[in-house]
Each structure stands twice: as structure tokens, then as C-alpha cells.
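Below is data.cif, which holds mmCIF, C-alpha atoms.
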```
data_work
#
loop_
_atom_site.label_atom_id
_atom_site.label_comp_id
_atom_site.auth_asym_id
_atom_site.auth_seq_id
_atom_site.Cartn_x
_atom_site.Cartn_y
_atom_site.Cartn_z
CA MET A 1 0.00 0.00 0.00
CA THR A 2 1.02 3.66 -0.41
CA SER A 3 1.61 5.86 2.64
CA PRO A 4 -0.84 8.72 2.82
CA THR A 5 1.82 11.12 4.13
CA THR A 6 3.11 13.87 1.90
CA GLY A 7 6.54 13.97 0.28
CA ALA A 8 8.52 10.89 -0.75
CA THR A 9 6.71 7.63 -0.64
CA ARG A 10 8.09 4.34 0.90
CA GLN A 11 7.02 0.92 -0.31
CA VAL A 12 6.56 -1.74 2.41
CA THR A 13 5.18 -5.20 2.31
CA THR A 14 2.24 -5.96 4.52
CA TYR A 15 0.52 -9.12 5.50
CA THR A 16 -2.77 -9.80 7.15
CA VAL A 17 -3.71 -12.56 9.55
CA GLY A 18 -7.41 -12.71 9.78
CA SER A 19 -8.60 -9.32 10.87
CA ARG A 20 -6.44 -9.03 14.00
CA PHE A 21 -2.96 -7.83 12.83
CA SER A 22 -1.51 -6.06 9.88
CA GLY A 23 2.02 -4.60 9.67
CA PRO A 24 5.31 -4.41 7.76
CA VAL A 25 7.20 -7.58 6.94
CA ARG A 26 11.07 -7.64 7.02
CA PRO A 27 12.98 -9.04 4.05
CA ALA A 28 14.04 -12.67 4.40
CA VAL A 29 17.20 -13.22 6.53
CA VAL A 30 18.35 -16.39 4.81
CA SER A 31 19.47 -15.99 1.25
CA THR A 32 17.08 -17.46 -1.19
CA THR A 33 19.43 -18.06 -4.12
CA SER A 34 22.41 -20.41 -4.53
CA GLN A 35 24.74 -17.57 -5.50
CA GLU A 36 23.92 -15.64 -2.32
CA ARG A 37 24.40 -18.73 -0.13
CA PHE A 38 27.80 -19.45 -1.70
CA ALA A 39 28.85 -15.84 -1.10
CA GLU A 40 27.77 -16.02 2.54
CA ARG A 41 29.73 -19.24 3.10
CA ALA A 42 32.82 -17.71 1.51
CA ARG A 43 32.54 -14.69 3.80
CA ALA A 44 32.15 -16.99 6.84
CA ARG A 45 35.25 -18.98 5.86
CA ARG A 46 37.25 -15.79 5.38
CA ASN A 47 36.14 -14.48 8.81
CA LEU A 48 37.05 -17.78 10.48
CA ALA A 49 40.46 -17.78 8.79
CA ARG A 50 41.08 -14.21 9.95
CA ARG A 51 40.19 -15.12 13.54
CA GLN A 52 42.48 -18.16 13.44
CA VAL A 53 45.36 -16.15 12.03
CA ALA A 54 44.78 -13.45 14.66
CA GLY A 55 44.79 -16.09 17.41
CA VAL A 56 48.05 -17.65 16.19
CA VAL A 57 49.73 -14.27 15.84
CA GLY A 58 48.55 -13.26 19.30
CA GLY A 59 49.88 -16.49 20.80
CA VAL A 60 53.26 -16.07 19.11
CA VAL A 61 53.50 -12.50 20.34
CA ALA A 62 52.61 -13.57 23.90
CA VAL A 63 55.20 -16.37 23.90
CA ALA A 64 57.85 -14.06 22.48
CA ALA A 65 57.08 -11.43 25.10
CA LEU A 66 57.29 -14.01 27.90
CA ALA A 67 60.56 -15.41 26.53
CA TRP A 68 62.05 -11.93 26.37
CA LEU A 69 60.88 -11.19 29.91
CA LEU A 70 62.39 -14.38 31.35
CA LEU A 71 65.51 -14.86 29.24
CA LEU A 72 66.65 -11.48 28.00
CA SER A 73 65.23 -8.65 30.07
CA PRO A 74 66.86 -7.32 33.28
CA VAL A 75 63.66 -7.93 35.24
CA LEU A 76 65.02 -11.22 36.67
CA ALA A 77 68.75 -10.52 36.26
CA LEU A 78 71.22 -11.65 38.92
CA ASP A 79 72.40 -8.84 41.18
CA ALA A 80 75.91 -9.57 42.49
CA ASP A 81 75.06 -7.66 45.67
CA GLU A 82 72.35 -10.21 46.45
CA VAL A 83 74.62 -13.28 46.48
CA VAL A 84 74.64 -14.90 49.95
CA VAL A 85 77.42 -17.36 50.84
CA THR A 86 77.09 -19.70 53.83
CA GLY A 87 79.21 -22.55 55.18
CA ALA A 88 82.60 -21.06 54.30
CA GLY A 89 84.00 -22.17 57.65
CA THR A 90 87.54 -21.23 58.60
CA VAL A 91 89.41 -22.14 55.41
CA VAL A 92 87.31 -20.97 52.44
CA ALA A 93 87.93 -17.41 51.26
CA VAL A 94 84.52 -15.86 50.61
CA ASP A 95 86.01 -13.35 48.18
CA GLN A 96 87.21 -16.25 46.01
CA VAL A 97 83.68 -17.68 46.00
CA LEU A 98 82.22 -14.31 45.00
CA ALA A 99 84.84 -13.99 42.27
CA VAL A 100 83.48 -17.19 40.72
CA VAL A 101 79.90 -15.89 40.78
CA GLU A 102 80.64 -12.29 39.75
CA PRO A 103 80.93 -12.89 35.96
CA SER A 104 77.33 -14.14 36.00
CA GLY A 105 76.03 -10.81 37.29
CA GLY A 106 73.32 -9.43 35.03
CA THR A 107 72.38 -12.85 33.67
CA PRO A 108 68.64 -13.59 33.96
CA LEU A 109 68.12 -16.22 36.65
CA PRO A 110 66.29 -18.66 34.33
CA ARG A 111 69.39 -18.73 32.10
CA LEU A 112 71.87 -19.06 34.95
CA ASP A 113 74.00 -22.22 34.73
CA THR A 114 73.86 -23.32 38.36
CA VAL A 115 75.50 -26.67 37.59
CA GLY A 116 78.45 -24.95 35.95
CA LEU A 117 78.75 -22.55 38.89
CA ARG A 118 78.75 -25.47 41.32
CA ASP A 119 81.54 -27.22 39.41
CA ALA A 120 83.57 -24.00 39.40
CA LEU A 121 83.04 -23.51 43.14
CA LEU A 122 84.40 -26.99 43.85
CA GLU A 123 87.72 -25.75 42.49
CA VAL A 124 87.96 -23.07 45.20
CA PRO A 125 90.49 -24.19 47.82
CA GLY A 126 88.82 -25.59 50.92
CA VAL A 127 85.42 -26.28 49.31
CA ARG A 128 84.26 -29.86 49.79
CA GLU A 129 80.67 -29.56 48.56
CA ALA A 130 78.66 -26.72 47.04
CA ARG A 131 75.01 -26.05 46.28
CA VAL A 132 73.77 -23.12 44.21
CA MET A 133 70.11 -22.01 44.35
CA ARG A 134 68.29 -19.15 42.66
CA VAL A 135 66.59 -16.67 44.98
CA TRP A 136 63.95 -14.80 43.01
CA PRO A 137 63.90 -12.21 41.64
CA HIS A 138 67.60 -11.18 41.68
CA GLY A 139 69.51 -13.25 44.23
CA LEU A 140 71.61 -16.38 44.57
CA ALA A 141 72.24 -18.61 47.60
CA VAL A 142 75.57 -20.45 47.71
CA GLN A 143 75.70 -23.14 50.39
CA LEU A 144 79.14 -24.62 51.02
CA VAL A 145 80.54 -27.52 52.98
CA SER A 146 84.10 -26.56 53.77
CA ARG A 147 87.03 -28.85 54.35
CA GLU A 148 87.62 -28.04 57.99
CA PRO A 149 91.01 -29.16 59.36
CA VAL A 150 90.82 -31.89 61.99
CA ALA A 151 94.53 -32.55 62.45
CA ALA A 152 97.98 -31.06 61.95
CA VAL A 153 100.75 -33.30 60.66
CA PRO A 154 104.41 -32.48 60.02
CA GLU A 155 104.97 -31.37 56.45
CA PRO A 156 106.51 -34.06 54.26
CA GLY A 157 110.14 -33.65 53.37
CA GLY A 158 111.31 -32.78 56.86
CA GLY A 159 110.15 -29.18 56.80
CA ASP A 160 109.48 -27.14 59.91
CA GLY A 161 105.84 -26.46 59.10
CA TRP A 162 102.66 -28.40 59.68
CA ALA A 163 100.10 -29.46 57.08
CA LEU A 164 96.47 -29.02 58.11
CA LEU A 165 94.33 -31.97 56.99
CA ASP A 166 90.59 -32.47 56.84
CA GLU A 167 88.85 -35.72 57.75
CA GLU A 168 89.54 -37.15 54.28
CA GLY A 169 93.26 -36.41 54.50
CA VAL A 170 93.09 -33.49 52.08
CA GLN A 171 95.46 -30.66 52.94
CA VAL A 172 93.50 -27.46 53.45
CA GLY A 173 96.29 -25.24 54.74
CA ARG A 174 99.59 -25.06 56.57
CA ALA A 175 100.94 -23.48 59.73
CA ASP A 176 104.29 -23.00 61.41
CA ALA A 177 102.91 -24.71 64.52
CA PRO A 178 99.77 -26.76 65.23
CA PRO A 179 96.92 -24.24 65.66
CA GLU A 180 95.34 -24.06 69.09
CA GLY A 181 92.55 -26.59 69.43
CA LEU A 182 93.79 -28.78 66.57
CA PRO A 183 95.35 -32.17 67.43
CA ALA A 184 98.93 -32.74 66.33
CA VAL A 185 99.32 -36.11 64.62
CA ASP A 186 102.46 -38.24 64.76
CA VAL A 187 102.50 -41.15 62.31
CA PRO A 188 105.28 -42.75 60.23
CA VAL A 189 106.09 -40.61 57.20
CA GLY A 190 104.32 -41.86 54.09
CA ASP A 191 102.18 -44.39 55.95
CA GLU A 192 98.81 -43.54 54.41
CA ARG A 193 96.92 -46.42 56.03
CA THR A 194 97.95 -45.38 59.52
CA LEU A 195 97.17 -41.74 58.82
CA ASP A 196 93.74 -42.72 57.46
CA ALA A 197 93.05 -44.71 60.63
CA VAL A 198 93.92 -41.71 62.82
CA LEU A 199 91.72 -39.37 60.78
CA LEU A 200 88.85 -41.88 60.90
CA VAL A 201 89.10 -41.98 64.70
CA LEU A 202 89.08 -38.19 64.92
CA GLU A 203 86.12 -37.98 62.55
CA GLY A 204 84.08 -40.27 64.80
CA LEU A 205 84.70 -38.36 68.03
CA PRO A 206 81.95 -36.11 69.39
CA GLN A 207 82.85 -32.43 69.33
CA ASP A 208 83.30 -32.11 73.09
CA LEU A 209 85.76 -35.02 73.20
CA LEU A 210 87.59 -33.90 70.07
CA ALA A 211 88.19 -30.51 71.69
CA GLN A 212 90.04 -32.27 74.54
CA VAL A 213 92.51 -34.07 72.23
CA ALA A 214 95.93 -32.42 72.17
CA GLY A 215 97.71 -34.99 70.03
CA VAL A 216 97.40 -38.39 68.38
CA SER A 217 100.14 -40.87 67.63
CA ALA A 218 100.17 -44.27 65.94
CA ARG A 219 102.85 -46.64 64.73
CA THR A 220 100.31 -48.83 62.93
CA GLN A 221 96.64 -48.50 62.07
CA ASP A 222 95.77 -50.62 65.14
CA THR A 223 97.75 -48.65 67.74
CA VAL A 224 96.11 -45.23 67.80
CA THR A 225 96.82 -43.36 71.04
CA MET A 226 95.41 -39.97 72.05
CA GLN A 227 96.92 -37.51 74.50
CA LEU A 228 94.27 -35.34 76.16
CA ARG A 229 94.81 -31.74 77.15
CA ASP A 230 94.41 -32.52 80.86
CA GLY A 231 97.32 -34.99 80.70
CA ASP A 232 95.35 -38.23 80.45
CA ARG A 233 96.22 -40.81 77.80
CA VAL A 234 93.76 -42.90 75.84
CA ASP A 235 94.89 -46.11 74.16
CA TRP A 236 92.33 -46.35 71.40
CA GLY A 237 93.59 -49.18 69.22
CA SER A 238 92.02 -49.38 65.76
CA ALA A 239 89.30 -47.23 64.24
CA ASP A 240 86.73 -50.00 64.76
CA GLU A 241 83.77 -49.62 67.14
CA THR A 242 84.38 -45.92 67.62
CA ALA A 243 80.89 -45.22 69.01
CA LEU A 244 81.24 -47.94 71.65
CA LYS A 245 84.72 -46.78 72.61
CA VAL A 246 83.47 -43.22 73.04
CA ALA A 247 80.66 -44.37 75.35
CA VAL A 248 83.04 -46.55 77.42
CA LEU A 249 85.64 -43.78 77.71
CA GLN A 250 83.08 -41.22 78.83
CA ALA A 251 81.68 -43.63 81.40
CA LEU A 252 85.14 -44.45 82.78
CA ARG A 253 86.20 -40.82 83.10
CA ALA A 254 82.96 -39.99 84.89
CA SER A 255 83.17 -42.87 87.40
CA ALA A 256 84.45 -42.38 90.92
CA GLU A 257 86.49 -45.62 90.72
CA ALA A 258 88.64 -44.22 87.91
CA ALA A 259 89.01 -40.73 89.37
CA SER A 260 92.77 -41.17 89.92
CA ALA A 261 93.44 -42.94 86.59
CA THR A 262 95.58 -41.25 83.97
CA VAL A 263 95.58 -44.01 81.35
CA PHE A 264 92.38 -45.33 79.75
CA ASP A 265 92.73 -48.35 77.50
CA VAL A 266 89.59 -48.83 75.40
CA SER A 267 91.23 -50.74 72.55
CA ALA A 268 89.06 -53.69 73.67
CA PRO A 269 85.97 -51.69 74.70
CA ARG A 270 84.19 -54.67 76.32
CA MET A 271 87.22 -55.17 78.60
CA PRO A 272 88.56 -51.66 79.27
CA ILE A 273 91.57 -51.06 81.49
CA THR A 274 92.45 -48.03 83.63
CA ARG A 275 95.62 -47.33 85.52
#
```
Rewrite the structure of this file - the entire thing - as C-alpha cells.
Amino acid sequence: MTSPTTGATRQVTTYTVGSRFSGPVRPAVVSTTSQERFAERARARRNLARRQVAGVVGGVVAVAALAWLLLLSPVLALDADEVVVTGAGTVVAVDQVLAVVEPSGGTPLPRLDTVGLRDALLEVPGVREARVMRVWPHGLAVQLVSREPVAAVPEPGGGDGWALLDEEGVQVGRADAPPEGLPAVDVPVGDERTLDAVLLVLEGLPQDLLAQVAGVSARTQDTVTMQLRDGDRVDWGSADETALKVAVLQALRASAEAASATVFDVSAPRMPITR
């Protein structure tokens, strides 16, 4: 029908249902021809392809940004001032440890070669074990086990100095005289088995008893003898049954019956002798 209003006219399609409703009808939403349907499908495929390409590009950009943040940016870079060293003990020079770590300053923590650093730290004199851990976001924790000296032995070759050995017999230093608190060891020169036996005995002593030992001597690996700082002598024998010998010695020295004894023979710990 034609609108009765003045001016331009607008053609609309109307429909009638009975006598109750009459109004404009919208054009069909679904295409009615094959050509139009093919065009719509082509547009849908192009839109889907664009969305897929955009998703892939966005993912690549996100991964690249994350990789740059973790591996290249200074956001997680190692700060040499935030390196903490523990366990250096009395023989490891902390400045030598820091000198090993220093070249890695500025390296992002995810890229830091902690295994390589550990291997390099094991080359520092006095380091027995090392563990390197990242401390986010900029730090590093270096935990050391140092080779602490447990005995002083005369330097080989008849010198006047003393070699300081750890419990494994590794020399960790030297001194002109046995340091205070460190037992002086007297064993035959070059007798590694006897020296190993003495060090094994010292390693098994509790700290309070070890602090009382002024010197250790042995002619063979089965004749270890300790001289205590209070003048008492302990005939220890071999390095076997160290825990039992320690318990027997402590019991004997604490008993009233052995109060006047100056020699304690625990080489056969189940049949100890005092005199």
C-alpha cells in the first residue's frame, strides 16, 4: 500500500492474519538463491580464517614477550650484591667464592647455569661440597661444605711447618705450629693407612671429646693413642667400634672408681683397662 503522508513515498510489504494484525514484513534473513548462499559461506570462511590467524599471531607475540621477559630482560637478572654465601668455615675465602659468581652478574636467573657454577666452586680451595640455588627475583644462595682441618701433621720432606688436613686427609692449609685446638698427629712418614686410621678416629669423636685431644700418635693402624689436654692418655687401638669406645671412655672418666686414673685403654671396649 502507499503511505498517505506527503513527500517521498516508501514501499513496504504488509501481510494480514485474519482481521487481528496487519504490519510491515522484514525481508528474508536467509538468502534465497544459490549464489547468495555461496557468497555467505565464503565470507564466513574468510572471517574464520582471519580469527584463526589473529589467534596464532597473538599467541606467538605472547610467547615471544614471555621469553624476552624471562631470558633477556633485566627484570630477573642476577644482582651480584644479592649473592649470599654460607658454610665457608675457617678455610674458604669468601672473596674467592664471589669472584666465581661475579661474571654471572646481570644474567637472567632462568638462564643461569647453576651446575656450571657449582663445578667452578668446587675448584675453590677448601670447598668440599657446594650447592647453588636461585633466589627470586635477583639473588643467589651459595651453600658450602668446607674442608675443615681436623689434624695437623708435620709437612713431608722434613720441613718445619705443619700441614692441616681435613677428615679425608686433604690438605687445606699449613701453619708453622699446630693451631690451638687442633690435634697434632704423629704417624710414620708416608704411611697412608695409619694416617687414614687416625683421621677416621678423629672424625668419629663427638665435638666435646675432640676438643680435649691435644695430640694423636700411631705406629700402625691398630695402635692409635690420644693424648688429652688434661694430661690423660687414651689407648684407642684401631678405628673400629668408635661409638662404643666413646661411650666406654666417657663412662670411665665420669666414674668415681677411675678418678685417679691417667691411662684409659679402650682398645678392647668390652674389657677396658684403667691405671
Query raised in the report: What lies within 8 Å of Pro125 in chain A using all atoms listed in the file, ignoring chain neighbours under 2 positions off, as a PyMOL selection string?
Result: chain A and resi 91-92+122-123+127+172
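The list of residues with at least one atom within 9 Å of Gln171 in chain A, based on all atoms listed in the file and without residues fewer than 4 positions apart in the same chain, reads Gly126, Arg147, Pro149, Ala163, Leu164, Leu165 and Asp166 of chain A.
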Report task. For Val150 in chain A, please output as a PyMOL selection string all residues within 9 Å (counting only C-alpha atoms; exclusion window: fewer than 3 positions along the same chain). Result -> chain A and resi 164-167+182-183+199+202-203+210
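Distances to Val216 in chain A were evaluated for A:Asp235, A:Glu102, A:Asp196, A:Asp186 using all atoms listed in the file, and the minimum falls at A:Asp186.
You will find CA of Arg229 in chain A at 24.1 Å from CA of Glu168 in chain A.
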Report task. Step by step, work through what the PyMOL selection byres ((chain A and resi 97) around 12) selects in the shown file, and finish by giving those residues as an NGL selection string. Result -> :A and (80 or 83-88 or 91-96 or 98-103 or 117-127 or 130 or 132 or 141-144 or 146)
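Distances to Asp208 in chain A were evaluated for A:Met271, A:Leu228, A:Ala184, A:Val266 using only C-alpha atoms, and the minimum falls at A:Leu228.
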Requested in this report: Can you pull out every residue within 9 Å of Val135 in chain A, counting only C-alpha atoms, but drop anything in the same chain fewer than 2 positions away, and send it as a PyMOL selection string?
Outcome: chain A and resi 82-83+109+133+137-141
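For the residues A:Thr223, A:Gln52, A:Thr33, A:Asn47, ranking by smallest atom-to-atom distance to Ala239 in chain A using all atoms listed in the file places A:Thr223 first.
Between CA of Arg131 in chain A and CA of Leu76 in chain A the separation is 20.3 Å.
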